[in-house]
Amino acid sequence: MSQMLKSSGAMAAATLTSRVLGMVRVMVYADFMGTSWVASAFVLAFQIPNLFRRLLGEGALSAAFIPIFKEKEKLEGDRAMWQAANAVISGLVIFSCLVVIAGLAVVSVALAFGGQVDPEHTRFSGKTLLMLQLLRVMLPYLLLVCLAAVFMGMLNARGHFFIPALGAATLNLVMIASVLWLAPNLGHELHEQIFALAIGVVAAGVAQAVFQLPSLRREGFAYRWASPWKNETVRRVVKQMLPATIGVAAFQINVVLTQGLSYWVDDYIVASFEYAVRLMELPQGLFGISLATYLLPMLSGLAAEKKYDAFRSELRQGLGYLMFANLIASVLLMALAEPIIRLLFERGKFDATSTSQAALALVCLAPGLVAFSVVNVLARAFYALGDTKTPMKTSVFCLVLNLLLAAVLVWRYKQAALGIANTVTSLVNVGLLLYALRRKLKKLEMASLRAELLPLALAGTVAGLIAWYGWRFWENSLGHETFALKIGAVFVPAIVAGSVYLLATAWAKVGHAQEIAELILGKFKRQR
């Protein structure tokens with residue numbers, strides 16, 4: 001338990017730095033473009049290369065390659081491991097370049113027949129053409145960030161979590177700089193200045209990839225061209241990653257497709273939902289993705305050695321910590337959605353109307369936070385066992401369900417519909433994955449975890465009510481006219497509610513809460 005928390009905690013510390021900078025970036029974006037149609041065009045254009053990053057880099061490729069990478073290390077040694085890595089990277093470069101070239105060709109042809117963006121109107125053609133122009137600039141980001149994600153996966157497999165996770169911080173710094181220093185030099189209108197953000201995305205991809213190389217070199221890695229054609233490792237990775245492409249990245253695919261659908265329903269939907277997603281990604285990345293990333297190489301090693309009792313134990317521990325940490329985050333995001341968004345984003349072009357729009361999306365999306373994170377962990381459990389087909393099948397079903405829900409609801413409920421659809425389908429995905437994993441392992445031994453569900457749910461409900469009523473009391477008594485009052489409207493109810501949650505779970509003897517408290521208190525005593 002201690003090693004799991006320390007390793008994932010080191011990564012969480014770096015991830016927190018990156019996520020805080022990412023939140024600063026989103027705040028700068030909000031001030032710069034609000035929830036305008038130009039903002040929606042940029043968000044949708046960025047989602048497309050970012051989707052391929054999740055599919056090829058952080059998602060399917062990492063999930064398929066890391067278990068094989070660890071197997072090579074254990075069974076054949078470092079030399080065979082690095083040779084396999086070079087072959088996979090060479091194949092990634094070839095495939096990514098082909099995707100980028102094909103994408104540039106398609107977008108260029110569409111623009112050639114589409115004419116120019118009309119800056120004075122938000123016609124269908126104007127929004128679409130601006131989105132395509134931005135996409136053409138950002139497509140090379142796909143190759144760069146895929147390389148960065150693979151480098152990060154290799155370092156994770158070698159036991160390095162802090163420095164690789166910190167790499168995303170460089171990405172956010174470059175993208176912030178593009179708004180503050182480059183945008184003013186590209187024109188006076190927002191639809192002209194927005195291209196600074198697209199250029200910043202590509203520059204950020206370069207920075208993040210380069211940031212990983214010194215640590216890899218110290219581990220003994222040196223890139224040399226290795227033909228991916230007929231390479232055994234590449235064939236195994238491709239075979240594993242084809243179904244995993246949908247398995248790991250279901251949430252990202254859902255976001256892209258549902259936002260693409262809603263892009264033509266109303267101008268503000270895509271942008272307002274994106275701000276809610278970014279707020280969700282802070283706790284999800286801080287603990288959920290950090291823990292899932294730590295568990296994949298560990299579970300892969302246990303599966304390779306056929307230590308299935310230890311496999312179940314590590315998985316159970318990880319899910320327990322995840323539920324404990326992300327439940328309170330989910331509750332606070334729902335109860336304090338409006339004051340959080342007002343504090344972080346309401347300035348410049350992001351006005352009170354934008355706050356209401358984004359808060360509604362967050363209230364509907366936040367209930368699925370625990371489920372989103374659990375899906376990440378369970379999917380990686382299957383990949384550690386060499387099974388990529390089961391997560392694919394469940395994700396295909398949930399993807400179709402999500403699209404149907406979004407298509408039916410978005411016309412009436414706008415951005416709220418996207419949050420509801422993603423929450424419902426993530427809960428369904430968790431149920432299907434747990435059922436399939438129990439059949440695969442014969443037993444899961446989750447009785448102790450099930451026993452914690454009721455006290456966690458009760459403690460979370462009480463904390464949520466305290467947070468909501470605390471905010472309403474603050475709002476009615478003091479308002480939010482100054483920056484200090486906006487800070488108080490968020491942190492005073494959150495601290496009180498969080499304290500009640502911790503005390504309630506400790507009183508109910510929730511095991512994972514007690515273990516985390518003991519680890520923190522023990523570290524505090526040692527420091528003293």
# chains A, B, ... in the order shown; residues from 1 in each chain; ligands from 1

$ residues_around --residues "Leu401 in chain A" --least-positions-apart "5" --cutoff "12 Å" --atoms "only C-alpha atoms" --output "list in words"
Ala250, Asn254, Thr258, Thr394, Ser395, Val396, Ala406, Ala407, Val408, Ile420, Ala421, Asn422, Thr423, Val424, Thr425, Ser426, Leu427, Val428 and Asn429 of chain A

$ residues_around --residues "Arg342 in chain A" --least-positions-apart "4" --cutoff "12 Å" --atoms "only C-alpha atoms" --output "PyMOL selection string"
chain A and resi 27+30-31+275+336-338+346-348+350-359+480-483+485-490

$ write_last_selection --atoms "N, CA and C atoms" --output "JSON list (two decimals), in the first residue's frame"
[["chain", "number", "residue", "atom", "x", "y", "z"],
["A", 27, "MET", "N", -7.93, 29.15, -17.86],
["A", 27, "MET", "CA", -8.35, 30.47, -17.40],
["A", 27, "MET", "C", -7.94, 31.55, -18.38],
["A", 30, "ALA", "N", -10.21, 31.26, -21.32],
["A", 30, "ALA", "CA", -11.55, 31.79, -21.03],
["A", 30, "ALA", "C", -11.58, 33.30, -21.14],
["A", 31, "ASP", "N", -10.57, 33.95, -20.57],
["A", 31, "ASP", "CA", -10.48, 35.40, -20.64],
["A", 31, "ASP", "C", -10.33, 35.87, -22.09],
["A", 275, "TYR", "N", -15.04, 23.60, -20.91],
["A", 275, "TYR", "CA", -14.59, 24.12, -19.61],
["A", 275, "TYR", "C", -14.97, 23.14, -18.49],
["A", 336, "LEU", "N", -20.57, 22.87, -5.81],
["A", 336, "LEU", "CA", -19.95, 24.20, -5.92],
["A", 336, "LEU", "C", -19.61, 24.56, -7.36],
["A", 337, "ALA", "N", -20.33, 23.99, -8.32],
["A", 337, "ALA", "CA", -20.01, 24.21, -9.73],
["A", 337, "ALA", "C", -20.01, 25.69, -10.10],
["A", 338, "GLU", "N", -21.07, 26.41, -9.73],
["A", 338, "GLU", "CA", -21.18, 27.82, -10.12],
["A", 338, "GLU", "C", -20.10, 28.70, -9.48],
["A", 346, "GLU", "N", -14.58, 33.67, -14.78],
["A", 346, "GLU", "CA", -15.43, 34.82, -15.12],
["A", 346, "GLU", "C", -14.64, 36.12, -15.15],
["A", 347, "ARG", "N", -14.11, 36.40, -16.30],
["A", 347, "ARG", "CA", -13.39, 37.66, -16.56],
["A", 347, "ARG", "C", -13.22, 37.79, -18.08],
["A", 348, "GLY", "N", -12.94, 39.00, -18.54],
["A", 348, "GLY", "CA", -12.75, 39.20, -19.97],
["A", 348, "GLY", "C", -14.00, 38.84, -20.75],
["A", 350, "PHE", "N", -15.41, 35.98, -20.83],
["A", 350, "PHE", "CA", -16.19, 34.96, -20.13],
["A", 350, "PHE", "C", -17.06, 35.67, -19.10],
["A", 351, "ASP", "N", -18.36, 35.87, -19.44],
["A", 351, "ASP", "CA", -19.24, 36.67, -18.59],
["A", 351, "ASP", "C", -20.13, 35.78, -17.72],
["A", 352, "ALA", "N", -21.11, 36.39, -17.04],
["A", 352, "ALA", "CA", -21.99, 35.66, -16.14],
["A", 352, "ALA", "C", -22.81, 34.61, -16.89],
["A", 353, "THR", "N", -23.20, 34.91, -18.11],
["A", 353, "THR", "CA", -23.94, 33.93, -18.91],
["A", 353, "THR", "C", -23.07, 32.71, -19.20],
["A", 354, "SER", "N", -21.80, 32.95, -19.53],
["A", 354, "SER", "CA", -20.87, 31.84, -19.75],
["A", 354, "SER", "C", -20.72, 30.99, -18.50],
["A", 355, "THR", "N", -20.70, 31.64, -17.32],
["A", 355, "THR", "CA", -20.60, 30.90, -16.06],
["A", 355, "THR", "C", -21.79, 29.96, -15.88],
["A", 356, "SER", "N", -22.97, 30.45, -16.12],
["A", 356, "SER", "CA", -24.18, 29.62, -15.98],
["A", 356, "SER", "C", -24.16, 28.44, -16.95],
["A", 357, "GLN", "N", -23.72, 28.71, -18.18],
["A", 357, "GLN", "CA", -23.67, 27.65, -19.18],
["A", 357, "GLN", "C", -22.69, 26.54, -18.80],
["A", 358, "ALA", "N", -21.48, 26.92, -18.38],
["A", 358, "ALA", "CA", -20.47, 25.93, -18.02],
["A", 358, "ALA", "C", -20.81, 25.22, -16.72],
["A", 359, "ALA", "N", -21.42, 25.93, -15.76],
["A", 359, "ALA", "CA", -21.79, 25.32, -14.48],
["A", 359, "ALA", "C", -22.83, 24.21, -14.67],
["A", 480, "HIS", "N", -20.62, 37.90, -3.97],
["A", 480, "HIS", "CA", -19.36, 37.55, -4.63],
["A", 480, "HIS", "C", -18.80, 38.75, -5.40],
["A", 481, "GLU", "N", -18.95, 39.92, -4.84],
["A", 481, "GLU", "CA", -18.56, 41.12, -5.57],
["A", 481, "GLU", "C", -17.04, 41.30, -5.67],
["A", 482, "THR", "N", -16.31, 40.82, -4.69],
["A", 482, "THR", "CA", -14.84, 40.98, -4.71],
["A", 482, "THR", "C", -14.18, 39.62, -4.93],
["A", 483, "PHE", "N", -12.90, 39.67, -5.28],
["A", 483, "PHE", "CA", -12.15, 38.43, -5.52],
["A", 483, "PHE", "C", -12.06, 37.62, -4.23],
["A", 485, "LEU", "N", -14.22, 37.48, -1.79],
["A", 485, "LEU", "CA", -15.51, 36.84, -1.55],
["A", 485, "LEU", "C", -15.70, 35.64, -2.48],
["A", 486, "LYS", "N", -15.22, 35.74, -3.72],
["A", 486, "LYS", "CA", -15.31, 34.60, -4.64],
["A", 486, "LYS", "C", -14.47, 33.42, -4.14],
["A", 487, "ILE", "N", -13.28, 33.71, -3.60],
["A", 487, "ILE", "CA", -12.44, 32.65, -3.04],
["A", 487, "ILE", "C", -13.15, 32.00, -1.84],
["A", 488, "GLY", "N", -13.70, 32.84, -0.96],
["A", 488, "GLY", "CA", -14.39, 32.31, 0.21],
["A", 488, "GLY", "C", -15.59, 31.47, -0.14],
["A", 489, "ALA", "N", -16.32, 31.85, -1.19],
["A", 489, "ALA", "CA", -17.51, 31.11, -1.60],
["A", 489, "ALA", "C", -17.18, 29.68, -2.03],
["A", 490, "VAL", "N", -15.94, 29.47, -2.47],
["A", 490, "VAL", "CA", -15.51, 28.13, -2.88],
["A", 490, "VAL", "C", -14.86, 27.39, -1.72]]

$ select_by_dssp --residues "range 88-220 of chain A" --states "alpha helix (DSSP H)" --output "MDAnalysis selection string"
chainID A and resid 88:114 124:138 141:157 162:177 190:193 195:219

$ write_last_selection --atoms "C-alpha atoms" --output "compact mmCIF listing (two decimals), in the first residue's frame"
# COMPACT_ATOMS: atom_id res chain seq x y z
CA VAL A 88 7.71 0.51 -32.15
CA ILE A 89 8.77 4.18 -32.27
CA SER A 90 9.81 3.81 -35.92
CA GLY A 91 6.44 2.32 -36.76
CA LEU A 92 4.68 5.10 -34.85
CA VAL A 93 6.58 7.78 -36.78
CA ILE A 94 5.66 6.22 -40.14
CA PHE A 95 1.99 5.80 -39.27
CA SER A 96 1.62 9.22 -37.64
CA CYS A 97 3.25 10.94 -40.63
CA LEU A 98 0.85 9.19 -42.98
CA VAL A 99 -2.13 10.28 -40.86
CA VAL A 100 -0.87 13.88 -40.74
CA ILE A 101 -0.25 14.00 -44.50
CA ALA A 102 -3.67 12.48 -45.27
CA GLY A 103 -5.35 14.89 -42.85
CA LEU A 104 -3.60 17.90 -44.35
CA ALA A 105 -4.62 16.81 -47.84
CA VAL A 106 -8.29 16.36 -46.90
CA VAL A 107 -8.48 19.65 -45.00
CA SER A 108 -6.69 21.58 -47.76
CA VAL A 109 -9.08 20.26 -50.40
CA ALA A 110 -12.07 21.17 -48.23
CA LEU A 111 -10.72 24.69 -47.72
CA ALA A 112 -10.01 25.12 -51.40
CA PHE A 113 -13.69 24.60 -52.15
CA GLY A 114 -15.02 26.32 -49.05
CA PHE A 124 -22.59 27.33 -40.61
CA SER A 125 -19.98 27.81 -43.35
CA GLY A 126 -18.05 30.41 -41.36
CA LYS A 127 -17.74 28.24 -38.26
CA THR A 128 -16.79 25.19 -40.27
CA LEU A 129 -14.16 26.95 -42.35
CA LEU A 130 -12.48 28.49 -39.32
CA MET A 131 -12.43 25.10 -37.61
CA LEU A 132 -10.78 23.53 -40.69
CA GLN A 133 -8.16 26.28 -40.92
CA LEU A 134 -7.23 25.80 -37.28
CA LEU A 135 -7.14 22.03 -37.72
CA ARG A 136 -4.72 22.35 -40.64
CA VAL A 137 -2.28 24.25 -38.42
CA MET A 138 -2.57 21.82 -35.49
CA TYR A 141 0.80 18.08 -33.07
CA LEU A 142 -0.46 14.54 -33.52
CA LEU A 143 3.01 13.13 -34.29
CA LEU A 144 4.84 15.15 -31.64
CA VAL A 145 2.56 14.39 -28.75
CA CYS A 146 2.32 10.69 -29.64
CA LEU A 147 6.10 10.48 -29.34
CA ALA A 148 5.98 12.32 -26.01
CA ALA A 149 3.34 9.91 -24.69
CA VAL A 150 5.35 6.83 -25.73
CA PHE A 151 8.49 8.26 -24.10
CA MET A 152 6.46 8.80 -20.94
CA GLY A 153 5.16 5.22 -21.02
CA MET A 154 8.70 3.85 -21.38
CA LEU A 155 9.87 5.84 -18.38
CA ASN A 156 6.85 4.69 -16.33
CA ALA A 157 7.72 1.08 -17.15
CA PHE A 162 7.56 12.20 -11.46
CA ILE A 163 9.66 13.63 -14.33
CA PRO A 164 7.54 12.16 -17.17
CA ALA A 165 4.32 13.47 -15.63
CA LEU A 166 5.96 16.88 -15.26
CA GLY A 167 6.46 16.97 -19.04
CA ALA A 168 2.88 18.12 -19.55
CA ALA A 169 3.75 21.25 -17.56
CA THR A 170 6.03 22.39 -20.41
CA LEU A 171 3.12 21.95 -22.82
CA ASN A 172 0.90 24.22 -20.73
CA LEU A 173 3.58 26.88 -20.34
CA VAL A 174 4.11 27.13 -24.09
CA MET A 175 0.36 27.30 -24.76
CA ILE A 176 -0.10 30.04 -22.16
CA ALA A 177 2.72 32.01 -23.77
CA LEU A 190 -10.61 37.23 -32.29
CA HIS A 191 -10.97 35.06 -35.39
CA GLU A 192 -7.49 36.24 -36.44
CA GLN A 193 -5.78 36.03 -33.05
CA PHE A 195 -4.39 31.15 -34.79
CA ALA A 196 -1.81 31.96 -32.10
CA LEU A 197 -3.34 29.19 -30.00
CA ALA A 198 -3.05 26.74 -32.90
CA ILE A 199 0.64 27.61 -33.38
CA GLY A 200 1.16 27.29 -29.62
CA VAL A 201 -0.28 23.75 -29.68
CA VAL A 202 2.36 22.59 -32.19
CA ALA A 203 5.20 24.32 -30.31
CA ALA A 204 3.98 22.72 -27.08
CA GLY A 205 4.10 19.27 -28.69
CA VAL A 206 7.77 19.81 -29.55
CA ALA A 207 8.58 20.96 -26.01
CA GLN A 208 6.86 18.00 -24.36
CA ALA A 209 8.60 15.42 -26.55
CA VAL A 210 12.05 16.92 -26.05
CA PHE A 211 11.53 17.16 -22.28
CA GLN A 212 11.42 13.34 -21.94
CA LEU A 213 14.68 12.57 -23.77
CA PRO A 214 17.30 13.33 -21.06
CA SER A 215 15.68 10.92 -18.59
CA LEU A 216 15.43 8.22 -21.25
CA ARG A 217 19.09 8.63 -22.17
CA ARG A 218 20.08 8.16 -18.53
CA GLU A 219 18.16 4.89 -18.57

$ atom_distance --atom1 "CA of Leu360 in chain A" --atom2 "CA of Tyr268 in chain A"
12.6 Å

$ atom_distance --atom1 "CA of Gln83 in chain A" --atom2 "CA of Arg224 in chain A"
8.4 Å

$ atom_distance --atom1 "CA of Leu365 in chain A" --atom2 "CA of Met392 in chain A"
22.8 Å

$ closest_atom_pairs --of "range 291-335 of chain A" --to "range 368-380 of chain A" --cutoff "9 Å" --atoms "only C-alpha atoms" --output "CSV"
residue,atom,partner,partner_atom,distance
A:Leu291,CA,A:Val377,CA,7.7
A:Ala292,CA,A:Val377,CA,4.9
A:Thr293,CA,A:Val377,CA,8.3
A:Leu295,CA,A:Val377,CA,7.6
A:Leu296,CA,A:Arg380,CA,5.7
A:Leu299,CA,A:Arg380,CA,8.3
A:Ser300,CA,A:Arg380,CA,8.9
A:Leu315,CA,A:Val377,CA,8.1
A:Gly318,CA,A:Val377,CA,8.1
A:Leu319,CA,A:Val374,CA,6.8
A:Leu322,CA,A:Val374,CA,7.4
A:Met323,CA,A:Val370,CA,6.2
A:Ala325,CA,A:Val370,CA,8.9
A:Asn326,CA,A:Val370,CA,5.7
A:Leu327,CA,A:Val370,CA,6.1
A:Ala329,CA,A:Leu369,CA,8.1
A:Ser330,CA,A:Leu369,CA,5.8

$ closest_residue --among "A:Asn231, A:Ser262, A:Thr388, A:Thr461" --to "Gln415 in chain A" --atoms "only C-alpha atoms"
A:Ser262

$ closest_residue --among "A:Pro67, A:Gly460, A:Pro283, A:Pro228" --to "Ala335 in chain A" --atoms "only C-alpha atoms"
A:Gly460

$ residues_around --residues "Val270 in chain A" --least-positions-apart "6" --cutoff "12 Å" --atoms "only C-alpha atoms" --output "PyMOL selection string"
chain A and resi 34-47+255-264+276-277+354+357-358+361+410+414-419

$ write_last_selection --atoms "C-alpha atoms" --output "PDB file, in the first residue's frame"
ATOM      1  CA  GLY A  34     -15.073  33.021 -23.571  1.00  0.00           C
ATOM      2  CA  THR A  35     -17.767  30.688 -24.941  1.00  0.00           C
ATOM      3  CA  SER A  36     -17.947  32.376 -28.357  1.00  0.00           C
ATOM      4  CA  TRP A  37     -18.339  30.583 -31.674  1.00  0.00           C
ATOM      5  CA  VAL A  38     -14.623  31.145 -32.289  1.00  0.00           C
ATOM      6  CA  ALA A  39     -13.873  29.322 -29.012  1.00  0.00           C
ATOM      7  CA  SER A  40     -16.071  26.415 -30.088  1.00  0.00           C
ATOM      8  CA  ALA A  41     -14.264  26.245 -33.445  1.00  0.00           C
ATOM      9  CA  PHE A  42     -10.863  26.075 -31.735  1.00  0.00           C
ATOM     10  CA  VAL A  43     -11.987  23.466 -29.178  1.00  0.00           C
ATOM     11  CA  LEU A  44     -13.419  21.163 -31.848  1.00  0.00           C
ATOM     12  CA  ALA A  45     -10.357  21.553 -34.095  1.00  0.00           C
ATOM     13  CA  PHE A  46      -8.027  20.773 -31.190  1.00  0.00           C
ATOM     14  CA  GLN A  47     -10.064  17.719 -30.185  1.00  0.00           C
ATOM     15  CA  VAL A 255     -16.288  13.795 -26.278  1.00  0.00           C
ATOM     16  CA  VAL A 256     -15.224  14.348 -29.897  1.00  0.00           C
ATOM     17  CA  LEU A 257     -18.300  12.791 -31.478  1.00  0.00           C
ATOM     18  CA  THR A 258     -20.839  14.386 -29.156  1.00  0.00           C
ATOM     19  CA  GLN A 259     -19.181  17.786 -29.435  1.00  0.00           C
ATOM     20  CA  GLY A 260     -19.080  17.400 -33.206  1.00  0.00           C
ATOM     21  CA  LEU A 261     -22.816  16.721 -33.116  1.00  0.00           C
ATOM     22  CA  SER A 262     -23.564  19.666 -30.832  1.00  0.00           C
ATOM     23  CA  TYR A 263     -21.279  22.058 -32.761  1.00  0.00           C
ATOM     24  CA  TRP A 264     -24.130  22.803 -35.165  1.00  0.00           C
ATOM     25  CA  ALA A 276     -16.537  21.536 -17.565  1.00  0.00           C
ATOM     26  CA  VAL A 277     -14.396  18.715 -18.959  1.00  0.00           C
ATOM     27  CA  SER A 354     -20.869  31.841 -19.754  1.00  0.00           C
ATOM     28  CA  GLN A 357     -23.674  27.647 -19.184  1.00  0.00           C
ATOM     29  CA  ALA A 358     -20.468  25.934 -18.019  1.00  0.00           C
ATOM     30  CA  ALA A 361     -22.485  21.189 -17.895  1.00  0.00           C
ATOM     31  CA  VAL A 410     -28.835  17.754 -26.987  1.00  0.00           C
ATOM     32  CA  LYS A 414     -27.824  21.522 -24.826  1.00  0.00           C
ATOM     33  CA  GLN A 415     -24.538  21.144 -22.874  1.00  0.00           C
ATOM     34  CA  ALA A 416     -26.321  19.398 -19.976  1.00  0.00           C
ATOM     35  CA  ALA A 417     -27.201  16.579 -22.353  1.00  0.00           C
ATOM     36  CA  LEU A 418     -23.522  15.913 -23.083  1.00  0.00           C
ATOM     37  CA  GLY A 419     -22.753  15.630 -19.371  1.00  0.00           C
TER      38      GLY A 419
END

$ closest_residue --among "A:Leu333, A:Asp387, A:Val238, A:Glu305" --to "Leu282 in chain A" --atoms "only C-alpha atoms"
A:Leu333

$ closest_residue --among "A:Val234, A:Ile328, A:Ala384, A:Met298" --to "Thr505 in chain A" --atoms "only C-alpha atoms"
A:Ile328
